[in-house]
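What follows is the content of structure05.cif, which has mmCIF, C-alpha atoms and all ligand atoms:
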data_run
loop_
_atom_site.label_atom_id
_atom_site.label_comp_id
_atom_site.auth_asym_id
_atom_site.auth_seq_id
_atom_site.Cartn_x
_atom_site.Cartn_y
_atom_site.Cartn_z
CA MET A 1 22.06 -19.15 -3.77
CA SER A 2 19.61 -17.13 -5.81
CA GLU A 3 17.84 -14.12 -4.39
CA VAL A 4 14.37 -12.89 -5.23
CA LYS A 5 14.37 -9.22 -4.35
CA ILE A 6 11.25 -7.11 -4.75
CA ASP A 7 11.28 -3.38 -4.03
CA ASN A 8 9.35 -2.40 -0.89
CA GLN A 9 8.28 -6.00 -0.23
CA PRO A 10 10.70 -7.38 2.38
CA ILE A 11 8.42 -10.18 3.62
CA LEU A 12 7.52 -11.42 0.16
CA SER A 13 11.18 -11.20 -0.92
CA ARG A 14 12.21 -13.33 2.04
CA VAL A 15 9.54 -15.98 1.45
CA LEU A 16 10.26 -16.23 -2.28
CA THR A 17 14.04 -16.36 -1.80
CA LYS A 18 13.55 -19.23 0.62
CA ILE A 19 11.27 -21.08 -1.79
CA SER A 20 13.64 -20.53 -4.68
CA ASN A 21 16.52 -22.10 -2.78
CA SER A 22 14.81 -25.10 -1.27
CA SER A 23 12.20 -27.64 -2.11
CA ALA A 24 10.28 -27.02 1.11
CA VAL A 25 7.01 -25.37 0.21
CA SER A 26 3.65 -24.90 1.89
CA GLN A 27 0.59 -26.34 0.26
CA ALA A 28 -1.22 -23.02 0.14
CA TYR A 29 -0.26 -19.37 0.38
CA LEU A 30 -2.55 -16.46 1.04
CA LEU A 31 -1.35 -13.08 -0.21
CA VAL A 32 -3.02 -10.22 1.62
CA GLY A 33 -2.78 -6.70 0.23
CA VAL A 34 -4.84 -3.61 -0.45
CA ASN A 35 -4.27 -3.19 -4.15
CA ASP A 36 -5.77 -5.73 -6.58
CA VAL A 37 -3.27 -4.93 -9.32
CA ASP A 38 -0.35 -5.54 -6.95
CA LEU A 39 -1.94 -8.76 -5.72
CA ILE A 40 -2.28 -10.16 -9.25
CA LYS A 41 1.26 -9.10 -10.13
CA TYR A 42 2.81 -10.69 -7.03
CA ALA A 43 0.69 -13.84 -7.30
CA THR A 44 2.05 -14.34 -10.84
CA LEU A 45 5.61 -13.79 -9.64
CA PHE A 46 4.95 -16.23 -6.80
CA ALA A 47 3.77 -18.82 -9.32
CA LYS A 48 6.92 -18.36 -11.40
CA VAL A 49 9.16 -18.98 -8.40
CA LEU A 50 7.23 -22.16 -7.61
CA ILE A 51 7.17 -23.42 -11.18
CA CYS A 52 10.53 -22.29 -12.63
CA PRO A 53 12.73 -25.36 -13.09
CA ASN A 54 15.83 -23.32 -12.24
CA ASN A 55 16.39 -21.69 -8.90
CA TYR A 56 14.40 -18.63 -9.83
CA SER A 57 16.09 -15.29 -9.42
CA ASN A 58 14.33 -12.28 -10.76
CA PRO A 59 13.83 -11.72 -13.51
CA CYS A 60 14.24 -15.21 -14.92
CA SER A 61 15.41 -14.91 -18.47
CA ARG A 62 16.79 -18.40 -18.69
CA CYS A 63 13.70 -20.49 -19.06
CA ASN A 64 10.86 -20.39 -21.45
CA ILE A 65 8.35 -21.44 -18.79
CA CYS A 66 8.72 -18.12 -16.96
CA LEU A 67 8.34 -16.28 -20.27
CA ARG A 68 5.19 -18.25 -21.02
CA ILE A 69 3.77 -17.50 -17.56
CA GLU A 70 4.51 -13.82 -18.12
CA SER A 71 2.64 -13.84 -21.44
CA GLU A 72 -0.20 -15.94 -19.96
CA ASN A 73 0.67 -18.80 -22.27
CA PHE A 74 1.57 -21.47 -19.77
CA GLY A 75 -1.38 -23.82 -19.74
CA GLU A 76 -0.39 -25.58 -16.53
CA LEU A 77 -0.91 -22.47 -14.42
CA SER A 78 -4.61 -22.09 -13.74
CA ILE A 79 -5.92 -18.75 -12.60
CA ILE A 80 -9.42 -18.38 -11.23
CA ASN A 81 -11.09 -15.00 -10.93
CA PRO A 82 -14.60 -14.30 -9.65
CA ILE A 83 -17.27 -13.89 -12.30
CA ASN A 84 -19.86 -11.28 -11.36
CA GLY A 85 -18.38 -11.15 -7.89
CA VAL A 86 -18.54 -14.87 -7.13
CA ILE A 87 -16.44 -18.02 -7.61
CA LYS A 88 -18.65 -21.08 -8.14
CA LYS A 89 -18.11 -24.75 -7.41
CA GLU A 90 -17.82 -25.64 -11.12
CA GLU A 91 -14.60 -23.63 -11.33
CA ILE A 92 -13.03 -25.64 -8.54
CA LEU A 93 -14.18 -28.95 -10.03
CA ARG A 94 -12.69 -27.98 -13.40
CA LEU A 95 -9.44 -27.21 -11.63
CA LYS A 96 -9.34 -30.61 -9.90
CA GLU A 97 -10.02 -32.38 -13.15
CA LYS A 98 -7.27 -30.54 -14.92
CA PHE A 99 -4.66 -31.42 -12.34
CA GLN A 100 -5.62 -35.07 -12.47
CA THR A 101 -5.23 -35.41 -16.21
CA HIS A 102 -2.33 -33.16 -17.12
CA SER A 103 1.35 -33.98 -16.96
CA ILE A 104 3.75 -31.69 -15.22
CA GLU A 105 6.24 -29.56 -17.07
CA GLY A 106 7.24 -27.17 -14.30
CA LYS A 107 8.69 -27.88 -10.87
CA ASN A 108 5.29 -27.69 -9.15
CA GLN A 109 1.67 -27.62 -10.18
CA VAL A 110 0.26 -24.26 -9.19
CA TYR A 111 -3.10 -22.54 -9.30
CA ILE A 112 -4.06 -19.03 -8.34
CA ILE A 113 -7.44 -18.03 -6.94
CA ASN A 114 -7.88 -14.28 -6.89
CA LYS A 115 -10.29 -12.67 -4.42
CA VAL A 116 -10.62 -15.94 -2.58
CA GLU A 117 -13.21 -14.32 -0.26
CA THR A 118 -15.70 -14.52 -3.16
CA LEU A 119 -15.90 -18.34 -3.11
CA ASN A 120 -19.49 -19.29 -2.53
CA PRO A 121 -20.09 -21.94 0.19
CA ALA A 122 -20.26 -24.87 -2.26
CA ALA A 123 -17.06 -23.75 -3.98
CA ALA A 124 -15.33 -23.31 -0.62
CA ASN A 125 -16.32 -26.86 0.34
CA SER A 126 -14.89 -28.30 -2.87
CA LEU A 127 -11.73 -26.30 -2.42
CA LEU A 128 -11.27 -27.57 1.14
CA LYS A 129 -11.59 -31.17 -0.09
CA PHE A 130 -9.06 -30.44 -2.79
CA LEU A 131 -6.65 -28.93 -0.24
CA GLU A 132 -6.98 -32.02 1.92
CA GLU A 133 -5.96 -34.39 -0.87
CA PRO A 134 -2.38 -35.48 -0.24
CA ASP A 135 -0.80 -34.29 -3.47
CA SER A 136 2.45 -32.57 -2.63
CA ASN A 137 2.96 -31.18 -6.10
CA THR A 138 -0.13 -29.01 -6.19
CA ILE A 139 0.27 -25.61 -4.60
CA ALA A 140 -2.39 -22.95 -4.18
CA ILE A 141 -1.87 -19.21 -4.20
CA PHE A 142 -4.85 -17.23 -2.94
CA THR A 143 -5.18 -13.47 -2.91
CA THR A 144 -7.45 -11.20 -0.92
CA SER A 145 -7.72 -7.59 0.09
CA ASN A 146 -10.05 -8.54 2.91
CA ILE A 147 -8.74 -11.42 5.00
CA ASN A 148 -11.63 -11.10 7.45
CA SER A 149 -14.11 -12.26 4.84
CA VAL A 150 -12.10 -15.33 3.82
CA ILE A 151 -13.54 -18.41 5.52
CA ASN A 152 -11.45 -19.53 8.49
CA THR A 153 -11.01 -23.10 7.31
CA VAL A 154 -9.26 -21.82 4.19
CA VAL A 155 -7.16 -19.26 6.06
CA SER A 156 -5.99 -21.87 8.57
CA ARG A 157 -4.54 -24.02 5.79
CA CYS A 158 -2.45 -21.20 4.34
CA GLN A 159 0.84 -19.56 5.01
CA ILE A 160 -0.23 -15.91 5.19
CA ILE A 161 1.91 -13.28 3.52
CA LYS A 162 1.03 -9.65 4.11
CA LEU A 163 2.16 -7.33 1.34
CA ASN A 164 3.48 -3.90 2.08
CA ASN A 165 1.12 -1.23 0.94
CA ASN A 166 3.13 0.33 -1.86
CA SER A 167 0.95 3.40 -2.06
CA ILE A 168 2.15 4.55 1.37
CA LYS A 169 5.69 4.14 0.21
CA ASN A 170 5.00 5.89 -3.09
CA GLY A 171 3.38 8.78 -1.27
CA ILE A 172 6.35 9.22 1.04
CA GLU A 173 8.74 8.77 -1.89
CA PHE A 174 6.89 11.52 -3.72
CA ILE A 175 7.23 13.87 -0.75
CA LYS A 176 10.91 13.03 -0.39
CA THR A 177 11.65 13.79 -4.03
CA SER A 178 9.55 16.91 -4.24
CA THR A 179 10.78 18.46 -0.97
CA GLY A 180 14.29 17.04 -0.70
CA MET A 181 13.51 16.04 2.89
CA ASN A 182 14.25 12.72 4.51
CA GLU A 183 11.65 10.63 6.29
CA GLU A 184 12.64 11.87 9.74
CA GLN A 185 12.18 15.50 8.70
CA ILE A 186 8.86 14.68 7.08
CA ASN A 187 7.62 12.98 10.24
CA LYS A 188 8.73 15.93 12.33
CA ILE A 189 6.66 18.27 10.20
CA LEU A 190 3.72 15.89 10.22
CA ASP A 191 3.79 15.88 14.04
CA PHE A 192 4.08 19.67 13.92
CA LEU A 193 0.93 19.80 11.77
CA PHE A 194 -0.94 17.82 14.42
CA ILE A 195 0.18 20.37 17.03
CA ILE A 196 -0.85 23.28 14.80
CA GLU A 197 -4.32 21.77 14.60
CA ASN A 198 -4.61 21.05 18.32
CA ASN A 199 -2.91 24.03 19.88
CA ASN A 200 -1.94 26.92 17.69
CA ILE A 201 -0.11 28.87 20.42
CA LYS A 202 1.91 25.84 21.42
CA ALA A 203 2.88 25.34 17.77
CA ILE A 204 4.22 28.89 17.55
CA SER A 205 6.41 28.52 20.61
CA LEU A 206 7.53 25.07 19.51
CA PHE A 207 8.69 26.51 16.22
CA LYS A 208 10.54 29.37 17.91
CA GLU A 209 12.25 27.13 20.42
CA LEU A 210 12.96 23.95 18.51
CA LEU A 211 12.06 23.76 14.85
CA ILE A 212 13.84 26.99 13.92
CA ASN A 213 17.08 25.00 14.21
CA ASP A 214 15.94 22.40 11.68
CA PHE A 215 13.84 24.51 9.34
CA GLY A 216 15.29 27.99 9.79
CA THR A 217 16.17 28.67 6.14
CA LYS A 218 13.70 29.80 3.50
CA GLU A 219 14.28 26.69 1.41
CA LEU A 220 13.68 24.28 4.30
CA LEU A 221 10.71 26.27 5.45
CA LYS A 222 9.15 26.07 2.01
CA SER A 223 9.63 22.31 2.03
CA ALA A 224 8.09 22.12 5.50
CA PHE A 225 5.02 24.05 4.37
CA MET A 226 4.78 21.76 1.33
CA VAL A 227 4.49 18.78 3.70
CA ILE A 228 1.79 20.61 5.67
CA ILE A 229 -0.13 21.35 2.47
CA LEU A 230 0.05 17.68 1.44
CA GLY A 231 -1.23 16.75 4.90
CA TYR A 232 -4.24 19.04 4.44
CA LYS A 233 -4.70 17.70 0.92
CA ASP A 234 -4.91 14.15 2.25
CA ALA A 235 -7.32 15.29 4.97
CA LEU A 236 -9.43 16.67 2.13
CA ASN A 237 -9.13 13.41 0.16
CA TYR A 238 -10.33 11.51 3.19
CA LYS A 239 -13.17 13.98 3.70
CA LEU A 240 -14.29 13.45 0.11
CA PHE A 241 -14.08 9.64 0.46
CA LYS A 242 -11.10 9.50 -1.87
CA LYS A 243 -7.94 7.50 -1.38
CA MET A 244 -5.25 9.31 0.62
CA GLU A 245 -2.33 10.05 -1.67
CA TYR A 246 0.55 10.84 0.66
CA PHE A 247 -0.06 9.71 4.23
CA ASN A 248 -2.25 6.70 3.63
CA ASN A 249 -4.38 5.80 6.65
CA GLU A 250 -2.52 8.11 9.01
CA THR A 251 -4.81 8.53 12.02
CA GLY A 252 -3.72 12.10 12.72
CA ILE A 253 -4.71 13.13 9.19
CA LYS A 254 -8.07 11.42 9.58
CA ASN A 255 -8.61 13.37 12.82
CA ILE A 256 -7.84 16.64 11.03
CA SER A 257 -10.29 15.61 8.34
CA ASP A 258 -13.02 14.77 10.84
CA SER A 259 -12.64 17.99 12.79
CA GLN A 260 -13.36 20.46 9.96
CA SER A 261 -15.26 21.02 6.75
CA ALA A 262 -13.85 20.56 3.24
CA ASP A 263 -14.28 24.29 2.77
CA VAL A 264 -11.98 25.07 5.72
CA LEU A 265 -9.38 22.58 4.48
CA ILE A 266 -9.35 24.17 1.02
CA LYS A 267 -9.03 27.65 2.54
CA LYS A 268 -6.08 26.52 4.65
CA ILE A 269 -4.27 25.11 1.60
CA LYS A 270 -4.86 28.32 -0.37
CA PHE A 271 -3.78 30.47 2.56
CA ILE A 272 -0.48 28.63 2.97
CA LEU A 273 0.23 28.72 -0.77
CA GLU A 274 -0.35 32.47 -0.89
CA ASN A 275 1.92 33.02 2.09
CA MET A 276 4.69 30.84 0.70
CA GLN A 277 5.02 33.36 -2.11
CA LYS A 278 5.47 36.14 0.41
CA LEU A 279 8.34 34.19 1.92
CA GLU A 280 10.54 35.42 -0.95
CA TYR A 281 10.40 38.94 0.48
CA ASN A 282 10.12 38.21 4.16
CA VAL A 283 13.35 38.24 6.13
CA ASN A 284 12.11 37.51 9.62
CA ILE A 285 11.38 33.82 9.55
CA THR A 286 10.02 33.53 13.11
CA LEU A 287 7.60 36.39 12.56
CA PHE A 288 6.58 34.95 9.22
CA VAL A 289 5.85 31.50 10.67
CA SER A 290 3.93 32.99 13.61
CA ASN A 291 1.73 34.97 11.23
CA VAL A 292 1.00 31.95 9.06
CA LEU A 293 0.16 29.77 12.06
CA ILE A 294 -2.12 32.42 13.55
CA GLY A 295 -3.73 32.82 10.11
CA ILE A 296 -4.37 29.07 9.84
CA GLY A 297 -5.99 29.13 13.27
CA GLU A 298 -8.33 31.93 12.22
CA ILE A 299 -9.68 30.27 9.09
CA THR A 300 -13.40 29.55 9.27
CA ASP A 301 -16.04 28.35 6.86
CA GLY A 302 -17.47 31.85 6.50
CA LYS A 303 -20.22 31.22 9.01
CA GLY A 304 -17.84 31.63 11.90
CA ASN A 305 -17.36 27.89 12.35
CA ARG A 306 -13.89 26.46 12.52
CA ASN A 307 -15.36 23.02 11.93
ZN ZN B 1 12.29 -19.54 -15.01
#

What is this file in structure tokens?
Amino acid sequence: MSEVKIDNQPILSRVLTKISNSSAVSQAYLLVGVNDVDLIKYATLFAKVLICPNNYSNPCSRCNICLRIESENFGELSIINPINGVIKKEEILRLKEKFQTHSIEGKNQVYIINKVETLNPAAANSLLKFLEEPDSNTIAIFTTSNINSVINTVVSRCQIIKLNNNSIKNGIEFIKTSTGMNEEQINKILDFLFIIENNNIKAISLFKELLINDFGTKELLKSAFMVIILGYKDALNYKLFKKMEYFNNETGIKNISDSQSADVLIKKIKFILENMQKLEYNVNITLFVSNVLIGIGEITDGKGNRN
């Protein structure tokens, strides 16, 4: 049995392993993700698994078809992308024609339609007719980052595969490597940040009573403050309509972002960074943390507003 294993993509790995080891396939697959580059990459991999004449296991170095797909030289795999934000009927008709006249070299005939939500109504109609034709060898792979704008009649004909959002994972991976903390510790600090923002006094007593056991050394404390800084940095990203880098789409971070100005967020980051340097000389950790937390609570935008 061959296994198709893709880092951070358990669902996709499972589906592709199953396809690679059996001849049972759906007629259409819809890959849903947030990142267009990832979607194109995984759609191509998906096509390889469907087309590879061997039982594909990644990476396939045995067959020249997979190599040709990789170098975009395999004429049987059609890929349709929107032109100026729309996919027109002519594209779908060309596709149909091609599959009627060409012979098959791979295990299945496959086509990819990227950003399938951009099909115009005429194109969507043609596609639906094509999907209804009983031709078991033709398999569609659609991609979208917005499943709600894909027409229902297309969605209902597909097996839907939701991709993991790698950027969340990458963000957490980055924090793990740069702080040496595990995910549980990171989440603990993230929750602590939410308490700092909601109830400064409670945060101080929580640290004294509980967190001192987990983060009572200077090294651990520095790592903990690093996580807090990254939390504020993401709140700032969100405030400035940028993509969150570390805690993608975390509601608590969005709340922090909504409750204060960019100016206050920047001041908080600076304040913590300055205090982290003082940590080298400070021996009383509880007192140090209390002072930093009180300081964070007192930061305003200069007009006396905390938000
Ligand atoms: Zn192959």

Give one line per residue of chain A that approaches ligand ZN 1 (chain B) to at most 7 Å, naming the two atoms of the closest pair and their distance in Å to one decimal, counting all atoms listed in the file; sort by chain then ascending residue number and deliver it as JSON lines.
{"residue": "A:Lys48", "atom": "CA", "partner": "B:ZN1", "partner_atom": "ZN", "distance": 6.6}
{"residue": "A:Cys52", "atom": "CA", "partner": "B:ZN1", "partner_atom": "ZN", "distance": 4.0}
{"residue": "A:Pro53", "atom": "CA", "partner": "B:ZN1", "partner_atom": "ZN", "distance": 6.1}
{"residue": "A:Asn54", "atom": "CA", "partner": "B:ZN1", "partner_atom": "ZN", "distance": 5.9}
{"residue": "A:Tyr56", "atom": "CA", "partner": "B:ZN1", "partner_atom": "ZN", "distance": 5.7}
{"residue": "A:Cys60", "atom": "CA", "partner": "B:ZN1", "partner_atom": "ZN", "distance": 4.7}
{"residue": "A:Ser61", "atom": "CA", "partner": "B:ZN1", "partner_atom": "ZN", "distance": 6.6}
{"residue": "A:Arg62", "atom": "CA", "partner": "B:ZN1", "partner_atom": "ZN", "distance": 5.9}
{"residue": "A:Cys63", "atom": "CA", "partner": "B:ZN1", "partner_atom": "ZN", "distance": 4.4}
{"residue": "A:Asn64", "atom": "CA", "partner": "B:ZN1", "partner_atom": "ZN", "distance": 6.7}
{"residue": "A:Ile65", "atom": "CA", "partner": "B:ZN1", "partner_atom": "ZN", "distance": 5.8}
{"residue": "A:Cys66", "atom": "CA", "partner": "B:ZN1", "partner_atom": "ZN", "distance": 4.3}

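We find atom CA of A:Phe207 and atom CA of A:Met276 to be spaced 16.6 Å apart.
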
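Distances to A:Glu72 were evaluated for A:Ile294, A:Ala47, A:Met226, A:Leu39 using only C-alpha atoms, and the minimum falls at A:Ala47.
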
Pairwise distance for atom CA of A:Thr138 and atom CA of A:Asn108, rounded to one decimal in Å: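 Between these atoms lies a distance of 6.3 Å.
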
Using all atoms listed in the file: which of A:Asn249, A:Ser259, A:Gln109, A:Asn58 has the shortest distance to A:Val25: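 Ranking A:Asn249, A:Ser259, A:Gln109, A:Asn58 by distance to A:Val25, first place goes to A:Gln109.
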
A:Asp36 proximity check over A:Lys202, A:Glu245, A:Thr144, A:Met181, using all atoms listed in the file: winner is A:Thr144

Pick the closest to A:Thr286 from A:Thr251, A:Lys218, A:Lys268, A:Ser261: which is it, counting only C-alpha atoms? A:Lys218

Residue nearest A:Glu91 - candidates A:Phe74, A:Asn120, A:Arg68, A:Val283, atoms counted: all atoms listed in the file: A:Asn120

What is the distance between atom CA of A:Lys88 and atom CA of A:Asn73, in Å to one decimal?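 Interatomic distance, atom CA of A:Lys88 to atom CA of A:Asn73: 24.0 Å.
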
Check the smallest atom-to-atom distance from each of A:Arg94, A:Lys254, A:Lys278, A:Lys270 to A:Leu240 using only C-alpha atoms, then report the winner.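 The closest residue to A:Leu240 is A:Lys254.
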
Save stretch 256-267 of chain A of the structure in the block above to a file, with all heavy atoms included, as a compact mmCIF listing (two decimals), in the first residue's frame.
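Saved result, out-v4.txt, follows:
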# COMPACT_ATOMS: atom_id res chain seq x y z
N ILE A 256 -8.78 42.33 20.99
CA ILE A 256 -7.76 43.27 21.49
C ILE A 256 -7.58 44.38 20.46
O ILE A 256 -7.50 45.56 20.79
CB ILE A 256 -6.42 42.52 21.72
CG1 ILE A 256 -6.56 41.55 22.90
CG2 ILE A 256 -5.28 43.52 21.98
CD1 ILE A 256 -5.33 40.68 23.14
N SER A 257 -7.53 43.97 19.20
CA SER A 257 -7.33 44.93 18.13
C SER A 257 -8.46 45.96 18.06
O SER A 257 -8.24 47.16 17.89
CB SER A 257 -7.22 44.19 16.80
OG SER A 257 -7.05 45.08 15.74
N ASP A 258 -9.69 45.46 18.23
CA ASP A 258 -10.85 46.34 18.13
C ASP A 258 -10.97 47.30 19.31
O ASP A 258 -11.61 48.34 19.21
CB ASP A 258 -12.14 45.50 18.04
CG ASP A 258 -12.25 44.80 16.69
OD1 ASP A 258 -11.61 45.29 15.74
OD2 ASP A 258 -12.96 43.79 16.60
N SER A 259 -10.37 46.91 20.45
CA SER A 259 -10.62 47.70 21.65
C SER A 259 -9.61 48.83 21.87
O SER A 259 -9.68 49.55 22.85
CB SER A 259 -10.64 46.79 22.88
OG SER A 259 -9.34 46.27 23.08
N GLN A 260 -8.62 48.98 20.96
CA GLN A 260 -7.64 50.06 21.17
C GLN A 260 -7.05 50.54 19.85
O GLN A 260 -7.17 49.88 18.83
CB GLN A 260 -6.53 49.61 22.11
CG GLN A 260 -5.86 48.31 21.72
CD GLN A 260 -5.38 47.55 22.94
OE1 GLN A 260 -4.54 48.05 23.67
NE2 GLN A 260 -5.93 46.37 23.17
N SER A 261 -6.39 51.69 19.94
CA SER A 261 -5.82 52.27 18.72
C SER A 261 -4.49 51.61 18.38
O SER A 261 -3.86 50.97 19.22
CB SER A 261 -5.60 53.77 18.92
OG SER A 261 -4.59 53.98 19.89
N ALA A 262 -4.05 51.79 17.14
CA ALA A 262 -2.75 51.28 16.69
C ALA A 262 -1.65 51.88 17.55
O ALA A 262 -0.69 51.20 17.93
CB ALA A 262 -2.54 51.60 15.23
N ASP A 263 -1.81 53.15 17.87
CA ASP A 263 -0.82 53.86 18.68
C ASP A 263 -0.61 53.16 20.03
O ASP A 263 0.52 52.94 20.47
CB ASP A 263 -1.33 55.30 18.87
CG ASP A 263 -0.29 56.16 19.53
OD1 ASP A 263 0.89 56.01 19.17
OD2 ASP A 263 -0.65 56.98 20.41
N VAL A 264 -1.73 52.81 20.69
CA VAL A 264 -1.63 52.14 21.99
C VAL A 264 -0.96 50.77 21.84
O VAL A 264 -0.09 50.40 22.64
CB VAL A 264 -3.04 52.00 22.63
CG1 VAL A 264 -3.01 51.07 23.82
CG2 VAL A 264 -3.57 53.38 23.04
N LEU A 265 -1.31 50.05 20.78
CA LEU A 265 -0.70 48.73 20.56
C LEU A 265 0.82 48.85 20.38
O LEU A 265 1.59 48.08 20.96
CB LEU A 265 -1.34 48.05 19.33
CG LEU A 265 -2.78 47.56 19.53
CD1 LEU A 265 -3.41 47.18 18.18
CD2 LEU A 265 -2.82 46.37 20.48
N ILE A 266 1.23 49.84 19.61
CA ILE A 266 2.68 50.03 19.37
C ILE A 266 3.38 50.39 20.69
O ILE A 266 4.44 49.85 21.01
CB ILE A 266 2.92 51.14 18.32
CG1 ILE A 266 2.43 50.66 16.95
CG2 ILE A 266 4.40 51.52 18.24
CD1 ILE A 266 2.31 51.75 15.91
N LYS A 267 2.74 51.27 21.48
CA LYS A 267 3.34 51.64 22.77
C LYS A 267 3.49 50.44 23.69
O LYS A 267 4.47 50.31 24.41
CB LYS A 267 2.48 52.72 23.45
CG LYS A 267 2.71 54.10 22.89
CD LYS A 267 1.92 55.12 23.69
CE LYS A 267 2.10 56.52 23.11
NZ LYS A 267 1.15 57.48 23.71
